[in-house]
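Trainee: I am attaching a structure below and will ask some questions about it afterwards.
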Amino acid sequence: MPRPKTGGVLAQARRPILGLWISLSPLCLLLPLIILLTRPLSSMGEALAPPKFTKTPTDQIGVSGGVASFVCQATGNPKPSVYWNKKGKKVNSQRIETIEFDDGAGAVLRIQPLRGPRDENTYECVARNSVDEKSVTAKLSIIREDLLPFGFPSIDMGPQLKVVERTRTATMLCAASGIPDPEISWFKDFLPVDPSTSQGRIKQLRSGALQIENSEETDQGKYECVATNSQGVRYSSPANLYVRVRRVPPRFSILPSNHEIMPGGSINITCVAVGSPMPYVKWMLGNEDLTPEDEMSIGRNVLELSGVRESANYTCVAMSSLGIIEASAQVLVKTLPKPPGTPIITETTATSVTITWDSGNPDPVSYYIIQYRAKGPDSKYETVDSITTTRYSIGGLYPNTEYEIRVSAYNTIGQGPPSARVEARTGEQAPVSPPRNVQAHIISENTVMVRWEEPEEPNGQVKGYRVYYTMDPSRPINEWQIHNVQDSVLTTIPNLVTSETYTIQVLAFTSVGDGPFSDPVHVKVLHGDSIIPILRCVFLPLILLLENIALHFYYKVIKKQKSDKKENDETDVSRDEEVEAEEEAVQEIE
């Protein structure tokens, strides 16, 4: 299909996209919808995808002393980063720079002024994400001005400096000639102008001129028109478009961005500011000026860093007669974070421990990770992550339990080593369960022996027990009689009224408070002439013998458990202590 022509030196109405002529037919417009509707539902998710180029650079023939720009853009999931290589290394020169756009997924390689044969080479655009890495190349050839071939593009009328009131229409003129007729495209601040993204506000006319309707402050910048045909590429002289909003203090149109690099790496940081009048732009590190006063550029300044070993914050300063503004960019040298400071216990309750700690890292971390466990040989660490402060309360702990706690930091590289451990014991609570297996037995005509077992969940050190008893269980519990017991799970209640039935309930208490009552047990005190005293005379020696044996084993087990809890203590209890404990228990029963 032949290219449409307008004749003379005027540019074509249509422009090539990446060097290809595209005609939009109804079928082309419907094809994306057809593909979308026929795709399986499973492919509609956010699946990982390798980089795919949406704009690829084309080979160019430039003129010595002129300009060449290669445009490259890619998509993918995650979004790829795009950069340029020359001979396998990232481009890095005063004359060769990379201008990023689309959050780093696009990059323009600009070379100015062209020097042959030094700049004649094949340049590689690389798009990389976590899935894959793709690359595409473009070749640059350079011809001296006096050796240009017939038909090489020529700019007959380039854009001129223009000032337009905001909301008015601005037209940047451009006309070119060559054989074949060259195509016209536009660059603003070294980035390609794409009228299709402006919702019709920016148009390229058939003459090649760029028309901007309803001008905005963001339209202000440096414009170049580019003429391209099969013989080569020619750039016009740049012309500034100023959108006048009376007098405008400086503002950043491109803020300096943060970067993470490996030790010894290199980076270029771009800072662009606009205003009326246009501001001077410089870089600072702390109080040190990195840009000499006589080298301060207007509107745009690129900070070039190489061999970076330490993280630092660099400040871009834009200044004019209307004010001074600053913006900082952090250059972070990637390393695993250091261990935070040893945690400090600031508060404990029966079920929580509150700690604070020092970050221990000069560079920011993403978050902190707390690991804690009950102290014991088989205990495993529980983990709490995504903590963004240096103070945290660990909840859901067991009362009266000793815990080990440590903290580590996490950044984009990974999790660093943990801090030193700190130990903390949770506070006591009142028991949450009652004494178990409460039993009551008549041992004389007016005395009852009551025994029980410790609560399953004492929630602390049991200080003693309270035995409540009454002949009238309908009365409030606070009107019952109370018999306090310490250091024992057995007691006797004397002086009871014969022929009466008593209701008995037992609770355990810690230093914090009383636990719940056991289920009630009932016992009846019989008359003195009943068979119980007779049976007692017959069976009491046997009962006492069995009780002595039981007490013997009970105290032996209890003492062994206590001795096992203490390291380096004696492991056995002497026989004299056992006998003494048994005798005291028997005396209490009698």
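Every chain in the structure tokens takes a letter, A first, then B, and so on in the order presented; its residues are numbered from 1, and the ligands are numbered from 1 following the presented order.
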Excluding same-chain residues fewer than 5 positions from Thr228 in chain A, what lies within 7 Å of it counting only C-alpha atoms, as a list in words?

Mentor: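 Near neighbours after the sequence-gap exclusion: Pro153, Pro182, Glu183, Ile184, Val233 and Arg234 of chain A.
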
Trainee: Could you write out the selected residues, including all heavy atoms, as a compact mmCIF listing (two decimals), in the first residue's frame?

Mentor:
# COMPACT_ATOMS: atom_id res chain seq x y z
N PRO A 153 16.93 13.88 4.96
CA PRO A 153 15.95 14.85 5.45
C PRO A 153 16.58 16.19 5.82
O PRO A 153 17.71 16.27 6.31
CB PRO A 153 15.36 14.16 6.69
CG PRO A 153 15.64 12.73 6.50
CD PRO A 153 16.91 12.64 5.73
N PRO A 182 9.88 12.89 4.16
CA PRO A 182 10.10 12.39 5.53
C PRO A 182 8.83 12.42 6.37
O PRO A 182 7.92 13.21 6.12
CB PRO A 182 11.15 13.34 6.09
CG PRO A 182 10.96 14.61 5.33
CD PRO A 182 10.49 14.22 3.95
N GLU A 183 8.81 11.56 7.34
CA GLU A 183 7.76 11.56 8.35
C GLU A 183 8.18 12.46 9.51
O GLU A 183 9.35 12.55 9.86
CB GLU A 183 7.50 10.14 8.87
CG GLU A 183 7.02 9.17 7.81
CD GLU A 183 5.69 9.59 7.23
OE1 GLU A 183 4.86 10.10 8.00
OE2 GLU A 183 5.52 9.44 6.01
N ILE A 184 7.19 13.13 10.10
CA ILE A 184 7.45 14.05 11.20
C ILE A 184 7.00 13.41 12.51
O ILE A 184 5.90 12.85 12.60
CB ILE A 184 6.72 15.39 11.00
CG1 ILE A 184 7.17 16.05 9.71
CG2 ILE A 184 6.97 16.32 12.19
CD1 ILE A 184 8.62 16.46 9.68
N VAL A 233 17.89 10.42 9.64
CA VAL A 233 17.08 11.14 10.65
C VAL A 233 17.69 12.51 10.87
O VAL A 233 18.92 12.65 11.00
CB VAL A 233 17.03 10.37 11.98
CG1 VAL A 233 16.23 11.15 13.02
CG2 VAL A 233 16.43 8.99 11.78
N ARG A 234 16.84 13.54 10.93
CA ARG A 234 17.31 14.90 11.20
C ARG A 234 16.45 15.51 12.30
O ARG A 234 15.21 15.42 12.26
CB ARG A 234 17.20 15.75 9.93
CG ARG A 234 17.54 17.21 10.13
CD ARG A 234 19.02 17.48 10.05
NE ARG A 234 19.50 17.38 8.66
CZ ARG A 234 20.72 17.74 8.27
NH1 ARG A 234 21.60 18.19 9.18
NH2 ARG A 234 21.09 17.61 7.02

Trainee: List the neighbours of Gln112 in chain A out to 9 Å using only C-alpha atoms; skip same-chain residues closer than 5 positions along the sequence, and give me the result as a PDB file with all heavy atoms, in the first residue's frame.

Mentor:
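In the end it all went to result27.pdb:
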ATOM      1  N   GLY A  65      27.316  15.441  14.571  1.00  0.00           N
ATOM      2  CA  GLY A  65      26.981  16.662  15.283  1.00  0.00           C
ATOM      3  C   GLY A  65      25.512  16.786  15.615  1.00  0.00           C
ATOM      4  O   GLY A  65      25.109  17.714  16.315  1.00  0.00           O
ATOM      5  N   GLY A  66      24.689  15.866  15.103  1.00  0.00           N
ATOM      6  CA  GLY A  66      23.262  15.923  15.342  1.00  0.00           C
ATOM      7  C   GLY A  66      22.833  15.114  16.549  1.00  0.00           C
ATOM      8  O   GLY A  66      23.602  14.921  17.503  1.00  0.00           O
ATOM      9  N   VAL A  67      21.604  14.597  16.474  1.00  0.00           N
ATOM     10  CA  VAL A  67      20.988  13.895  17.606  1.00  0.00           C
ATOM     11  C   VAL A  67      20.426  12.568  17.111  1.00  0.00           C
ATOM     12  O   VAL A  67      19.960  12.458  15.968  1.00  0.00           O
ATOM     13  CB  VAL A  67      19.857  14.731  18.244  1.00  0.00           C
ATOM     14  CG1 VAL A  67      19.246  13.991  19.440  1.00  0.00           C
ATOM     15  CG2 VAL A  67      20.360  16.095  18.670  1.00  0.00           C
ATOM     16  N   ALA A  68      20.478  11.559  17.975  1.00  0.00           N
ATOM     17  CA  ALA A  68      19.797  10.291  17.726  1.00  0.00           C
ATOM     18  C   ALA A  68      19.098   9.853  19.004  1.00  0.00           C
ATOM     19  O   ALA A  68      19.655   9.984  20.100  1.00  0.00           O
ATOM     20  CB  ALA A  68      20.766   9.223  17.248  1.00  0.00           C
ATOM     21  N   SER A  69      17.865   9.370  18.852  1.00  0.00           N
ATOM     22  CA  SER A  69      17.109   8.866  20.007  1.00  0.00           C
ATOM     23  C   SER A  69      16.508   7.506  19.658  1.00  0.00           C
ATOM     24  O   SER A  69      15.938   7.338  18.581  1.00  0.00           O
ATOM     25  CB  SER A  69      15.981   9.827  20.403  1.00  0.00           C
ATOM     26  OG  SER A  69      16.504  11.046  20.880  1.00  0.00           O
ATOM     27  N   GLN A  94      28.641  11.560  29.239  1.00  0.00           N
ATOM     28  CA  GLN A  94      28.059  12.893  29.268  1.00  0.00           C
ATOM     29  C   GLN A  94      27.180  13.125  28.050  1.00  0.00           C
ATOM     30  O   GLN A  94      26.195  13.860  28.111  1.00  0.00           O
ATOM     31  CB  GLN A  94      29.178  13.941  29.315  1.00  0.00           C
ATOM     32  CG  GLN A  94      29.950  13.974  30.619  1.00  0.00           C
ATOM     33  CD  GLN A  94      29.124  14.525  31.764  1.00  0.00           C
ATOM     34  OE1 GLN A  94      28.103  15.156  31.554  1.00  0.00           O
ATOM     35  NE2 GLN A  94      29.567  14.279  32.990  1.00  0.00           N
ATOM     36  N   ARG A  95      27.534  12.490  26.920  1.00  0.00           N
ATOM     37  CA  ARG A  95      26.776  12.687  25.683  1.00  0.00           C
ATOM     38  C   ARG A  95      25.671  11.656  25.497  1.00  0.00           C
ATOM     39  O   ARG A  95      24.787  11.837  24.670  1.00  0.00           O
ATOM     40  CB  ARG A  95      27.712  12.641  24.472  1.00  0.00           C
ATOM     41  CG  ARG A  95      28.708  13.782  24.404  1.00  0.00           C
ATOM     42  CD  ARG A  95      29.539  13.706  23.124  1.00  0.00           C
ATOM     43  NE  ARG A  95      30.236  12.425  22.988  1.00  0.00           N
ATOM     44  CZ  ARG A  95      29.851  11.452  22.173  1.00  0.00           C
ATOM     45  NH1 ARG A  95      28.782  11.591  21.416  1.00  0.00           N
ATOM     46  NH2 ARG A  95      30.528  10.312  22.101  1.00  0.00           N
ATOM     47  N   ILE A  96      25.762  10.564  26.199  1.00  0.00           N
ATOM     48  CA  ILE A  96      24.775   9.492  26.051  1.00  0.00           C
ATOM     49  C   ILE A  96      24.028   9.333  27.375  1.00  0.00           C
ATOM     50  O   ILE A  96      24.635   9.064  28.403  1.00  0.00           O
ATOM     51  CB  ILE A  96      25.449   8.158  25.678  1.00  0.00           C
ATOM     52  CG1 ILE A  96      26.320   8.327  24.429  1.00  0.00           C
ATOM     53  CG2 ILE A  96      24.414   7.074  25.465  1.00  0.00           C
ATOM     54  CD1 ILE A  96      27.101   7.084  24.056  1.00  0.00           C
ATOM     55  N   GLU A  97      22.748   9.511  27.341  1.00  0.00           N
ATOM     56  CA  GLU A  97      21.970   9.380  28.573  1.00  0.00           C
ATOM     57  C   GLU A  97      20.682   8.622  28.306  1.00  0.00           C
ATOM     58  O   GLU A  97      20.204   8.540  27.173  1.00  0.00           O
ATOM     59  CB  GLU A  97      21.666  10.754  29.172  1.00  0.00           C
ATOM     60  CG  GLU A  97      20.777  11.635  28.326  1.00  0.00           C
ATOM     61  CD  GLU A  97      20.416  12.924  29.051  1.00  0.00           C
ATOM     62  OE1 GLU A  97      20.063  12.828  30.235  1.00  0.00           O
ATOM     63  OE2 GLU A  97      20.501  13.995  28.429  1.00  0.00           O
TER      64      GLU A  97
END

Trainee: Go through A:Cys316, A:Val108, A:Val512, A:Ile413 and flag the residue nearest Pro57 in chain A, using only C-alpha atoms for the distances.

Mentor: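 Smallest distance to Pro57 in chain A is found for A:Val108.
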
Trainee: Kindly give the distance, in Å, that separates CA of Phe53 in chain A and CA of Pro256 in chain A, rounded to a single decimal.

Mentor: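 We find that CA of Phe53 in chain A and CA of Pro256 in chain A lie 25.9 Å from each other.
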
Trainee: Of the residues A:Ser359, A:Ser266, A:Asn446, A:Thr383, which is the one nearest to Glu310 in chain A, using only C-alpha atoms?

Mentor: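 The closest residue to Glu310 in chain A is A:Ser266.
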
Trainee: For Val126 in chain A, which of A:Thr389, A:Thr356, A:Ser297, A:Ser81 is the closest residue, counting only C-alpha atoms?

Mentor: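 Smallest distance to Val126 in chain A is found for A:Ser81.
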
Trainee: Go ahead and compute the interatomic distance for CA of Arg115 in chain A and CA of Phe150 in chain A, in Å to one decimal.

Mentor: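 Computing the Euclidean distance for CA of Arg115 in chain A and CA of Phe150 in chain A yields 21.2 Å.
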
Trainee: So, with only C-alpha atoms as the atoms that count, which of A:Val71, A:Leu290, A:Val331, A:Leu114 lies closest to Glu100 in chain A?

Mentor: A:Val71

Trainee: Determine the nearest neighbour of Gly416 in chain A from the options A:Ser518, A:Ala170, A:Gly232, A:Thr335, counting only C-alpha atoms.

Mentor: A:Thr335

Trainee: Which residues are close to Arg466 in chain A, i.e. within 6 Å by only C-alpha atoms, leaving aside same-chain residues fewer than 3 positions away? Reply as a list in words.

Mentor: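 The contact residues come out as His483, Asn484, Val506 and Leu507 of chain A.
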